[in-house]
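Below is one structure; the comments refer to it alone.
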Amino acid sequence: MASQALAAANQAQSAGNNATSIANNASQAASSAILVGSQAAVSANKASADYQTLSAGVKDGSVVHITTETVIDKEVIGTAEIANGAITNAQIGNEAVNSAKIADLAVGTAQIGDGAITNAKIGKLAVGTAQIANAAITDAQVGNVSANKLTAGTIDFNTITGKNINASNITTGTLSTDRLNVGKLSALSANLGDVTTGSLKGVDIVANSFSTPNGSFTTDSNGNVVASNLTIRGVTNLVYNAALLGNSGTYPNTLIPGWNLFTKGYYSNATLHDGVPSIGFNSSTGSGTWVTFAQSKLYPLNGLTGQPYSASVWFIEDGSEAALKYNFTLAFFDANGNRLARGYADNVWNGNPTAQGWAYKTINNVISPSTAVYVAIQYWAYNGTGHALFSSPMLTQTAQSTGYQPDTGNVVSAGEIDGSVINGSTINGTTFHGGDSISDSNNTSNFYPFTIEPTGKASTTLFNSMGALRTEMSGGGLRTMYRAINSSGSQYEAYDGNFSGDMISLNSGFTNGKDMSFSQSVSGSQLTGQVLISPLNGLTLHGDTQQITFNGTSADVTPKGIIITPYGNINPNGTQNIWYVGNGPTMKTASFGIDGSGANNIQFNRSLDIGNFNINTYHTITSSDNGPIHFNRANGSSVDIFAATVNYTSLVKSSLLSVKKDVKKADTAYWAQLVNSIDLATYQYKTDDNTSHLRLSSIVDDVNVTKQWQLPDVFISRDENGKLSGVDDSVLLNATLATVQEQQKQIDQLNGHSMELEARLNKLEAKLNG
């Protein structure tokens, strides 16, 4: 609008210039037009009274009244010149002035009629306070015009061009701004209402609030940002260790974390670009050979295929053969780290025998293939000998390469960011909360569902009707906690789980008072049970309820298995009766009866070695070291052995005098008498079959109160309970020996008598024969 008003002023100036020409040609009418000139001198102010007529122009044949007194009629003035003050109160009729020039102050208060001035030029001050009637000026040029009082019904700015218009007082219902050009929006101080534009570009936009038409992105007056899908993307350098930090080794065998220098690349901190070290090539490739001398660490795309990537690097030539080519490559790789055949773009240039300054090399808008898994940059050399260095590499997920920055990403700072999705490389902050503060009467510490603290500790918290639960993760460890809401007396049930690199600790116990802040530890006197799992000490159980329970297979309706107690004992679980060791149910090594009734035995199905004592599956007891086998009582004395038939090579009875007391010579006659009193019997055992041989021995009568079979009590053996168990063959054997000795005495006596009788008989025979 302002430019159109300026255009109107320029047209008015043009009309004034034409009027000046008319004044010069109409000097003969100057005296009668003095009054008109004086009235027209204020035309710039009075013209605004009828702005609509001015915009329509002054047409031929029309009468425009400059004042109420003077009218210049048609063709009154032809080519005359009107001198200063020539027209005062005259009326100039239609076409009165044609091409005349009206000099300064030529028209005073005259009225200029319709079509009175056509092509005339009105000079400075040519019109004083005159009123110009409708259409009085057509193509005239008007000089300096003050439009402070311009009013009109309609102004057509399609035909008016204006410059330098002060539009401080322009008011309008609708302003079309498709051609509005201002230096800054502060030039428009009024409330513009709704502004519709295709593109709004500027440096700073200051607004009370800002939102998109559909409300998908909104900022309020407090600075809160709400977005249904917010992506914050900074220009992050994807080159791992782009600053080449942590170099080790010595030239040329240098090592840079995150980089592969192969056999031709080397690290240089002598050649720096803006303080950043370089990777150099100072070698030969051989004729027609491509050599890779550096590659950055593979950066995972995480599925972001079909996206633009760009790269840049600074290169400095230190003198290379002109035939040598250097290559800067942006490459994509598959899941195995192999470069895709068509998944790369490069920038290639020739070497220069003369050392050069730093040059900036770029690769732009390379789209990641659908099969790409990783991206990286590479430095190559080809076909010759040379020395050059590369520094300040930059790899970005953008369509255009950017200047170097370390691979730390960008930082987005905000008081509060609300959104369903936030994408970014690095997010730095003091404290991060997930969700709102938990609304629960027991949340006395104002916990959030999820929190990341400045120390790096991440925690989640939940309250339900039974208790409070919390998980904390920090410093390579994880801690889970449960705190009961309701108490048992003054104690509240509590559990802690601690997971670290070398141990898992599960603690059960209690807290003294309700611990909704999780400030008490389940340890010390508040610990009732504990399970420890450690790669150093294995599994440790402590507490009355700590046990290992096996409940059987999915086919077992009720629990069936074993329970290993805190002491390591094995108890049956459910209906389990045995516990076995072996290679399966049909290949048991040993089976242990663990039922409460004692119905199931302990069975070993393989040879059993106990020290030097072996019991095998072939009914053999073996002394592994060939030593004797002893059967002793707990006090060290020999124990009784009960057996059926005993087969032996020899039978030895311990009869050492050193172990005996009250030793007296036996009365062999007495023992012979006892032996002779024994009733011998032949018999068979009730368990014998018809193939068993006839047995002969004394009889221990354990049936009849009045013994029917004579056996002196000294020959009877009793068990540890005093019950009759059988014949003591050891005593019986020695009593039989006494009987033999006694019989031998009798034989000796009989032999003596026999010899005496024989001597007598010999004497008698000698006498008879004598």
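Going through the structure tokens in order, the chains are called A, B, and so on, while each chain numbers its residues from 1 and the ligands are numbered from 1 in the order shown.
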
Residues of range 497-663 of chain A in strand (DSSP E or B) according to DSSP, as an NGL selection string?
:A and (497-499 or 504-512 or 527-534 or 538-543 or 548-549 or 560-564 or 570-574 or 578-582 or 588-593 or 603-604 or 608-610 or 613-615 or 621-623 or 632 or 638)

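Here CA of Thr460 in chain A and CA of Tyr448 in chain A stand 7.4 Å from one another.
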
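Surrounding range 295-300 of chain A within 6 Å are Tyr240, Gly258, Trp259, Asn260, Val373, Tyr374, Val375, Ala376, Ile377 and Gln378 of chain A, with only C-alpha atoms counted and residues fewer than 3 positions along the same chain left out.
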
For a quick check of understanding, using only C-alpha atoms, which of A:Tyr379, A:Phe390, A:Trp358, A:Tyr685 has the smallest distance to Leu244 in chain A?
A:Phe390

Quick one: of A:Tyr382, A:Thr271, A:Phe328, A:Leu462, who's nearest to Val291 in chain A, counting only C-alpha atoms?
A:Tyr382

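For range 620-623 of chain A, the list of residues within 10 Å, based on only C-alpha atoms and with local chain neighbours fewer than 5 positions off taken out, reads Ser607, Leu608, Asp609, Ile610, Gly611, Asn612, Phe613, Asn614, Ile615, Pro628 and Ile629 of chain A.
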
For the selection just defined, write its residues with N, CA and C atoms to a file, as an mmCIF file, in the first residue's frame.
```
data_model
loop_
_atom_site.group_PDB
_atom_site.id
_atom_site.type_symbol
_atom_site.label_atom_id
_atom_site.label_comp_id
_atom_site.auth_asym_id
_atom_site.auth_seq_id
_atom_site.Cartn_x
_atom_site.Cartn_y
_atom_site.Cartn_z
ATOM 1 N N SER A 607 32.001 -101.557 41.445
ATOM 2 C CA SER A 607 32.973 -101.882 42.490
ATOM 3 C C SER A 607 33.143 -100.682 43.404
ATOM 4 N N LEU A 608 33.245 -101.014 44.702
ATOM 5 C CA LEU A 608 33.341 -99.963 45.702
ATOM 6 C C LEU A 608 34.723 -100.031 46.344
ATOM 7 N N ASP A 609 35.443 -98.939 46.216
ATOM 8 C CA ASP A 609 36.754 -98.839 46.844
ATOM 9 C C ASP A 609 36.638 -97.939 48.060
ATOM 10 N N ILE A 610 37.048 -98.518 49.207
ATOM 11 C CA ILE A 610 37.081 -97.748 50.445
ATOM 12 C C ILE A 610 38.487 -97.851 50.974
ATOM 13 N N GLY A 611 39.288 -96.856 50.672
ATOM 14 C CA GLY A 611 40.697 -96.941 51.039
ATOM 15 C C GLY A 611 41.340 -98.119 50.335
ATOM 16 N N ASN A 612 41.916 -99.086 51.149
ATOM 17 C CA ASN A 612 42.515 -100.293 50.583
ATOM 18 C C ASN A 612 41.549 -101.465 50.575
ATOM 19 N N PHE A 613 40.298 -101.157 50.774
ATOM 20 C CA PHE A 613 39.276 -102.189 50.878
ATOM 21 C C PHE A 613 38.360 -102.071 49.669
ATOM 22 N N ASN A 614 38.207 -103.139 48.914
ATOM 23 C CA ASN A 614 37.403 -103.145 47.697
ATOM 24 C C ASN A 614 36.320 -104.199 47.776
ATOM 25 N N ILE A 615 35.112 -103.770 47.424
ATOM 26 C CA ILE A 615 33.992 -104.715 47.296
ATOM 27 C C ILE A 615 33.503 -104.597 45.871
ATOM 28 N N PRO A 628 46.003 -107.694 55.482
ATOM 29 C CA PRO A 628 44.920 -108.458 56.112
ATOM 30 C C PRO A 628 43.662 -107.605 56.256
ATOM 31 N N ILE A 629 42.539 -108.266 56.370
ATOM 32 C CA ILE A 629 41.252 -107.605 56.577
ATOM 33 C C ILE A 629 40.833 -107.859 58.011
#
```

Using 10 Å as the limit and counting only C-alpha atoms, can you tabulate each residue of range 662-716 of chain A that touches range 721-724 of chain A, with its shortest atom-to-atom distance in Å and the two atoms involved, as a tab-separated table?
```
residue	atom	partner	partner_atom	distance
A:Val700	CA	A:Leu724	CA	7.8
A:Asp701	CA	A:Leu724	CA	8.9
A:Asp702	CA	A:Leu724	CA	7.0
A:Ile716	CA	A:Leu724	CA	7.2
```

Hey, can you spit out that residue selection with N, CA and C atoms as a tab-separated table (two decimals), in the first residue's frame?
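Result file is again.tsv:
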```tsv
chain	number	residue	atom	x	y	z
A	700	VAL	N	22.86	-127.30	70.19
A	700	VAL	CA	22.51	-126.27	71.17
A	700	VAL	C	21.00	-126.27	71.25
A	701	ASP	N	20.48	-126.76	72.36
A	701	ASP	CA	19.04	-126.91	72.51
A	701	ASP	C	18.45	-125.58	72.93
A	702	ASP	N	17.92	-124.87	71.96
A	702	ASP	CA	17.28	-123.58	72.24
A	702	ASP	C	15.77	-123.70	72.15
A	716	ILE	N	28.88	-123.26	74.53
A	716	ILE	CA	27.80	-122.54	73.84
A	716	ILE	C	28.19	-121.06	73.69
```

Taking 5 positions as the minimum chain separation for residues in the same chain, which residues sit within 10 Å of Lys745 in chain A when counting only C-alpha atoms? Answer as a count of residues only.
6
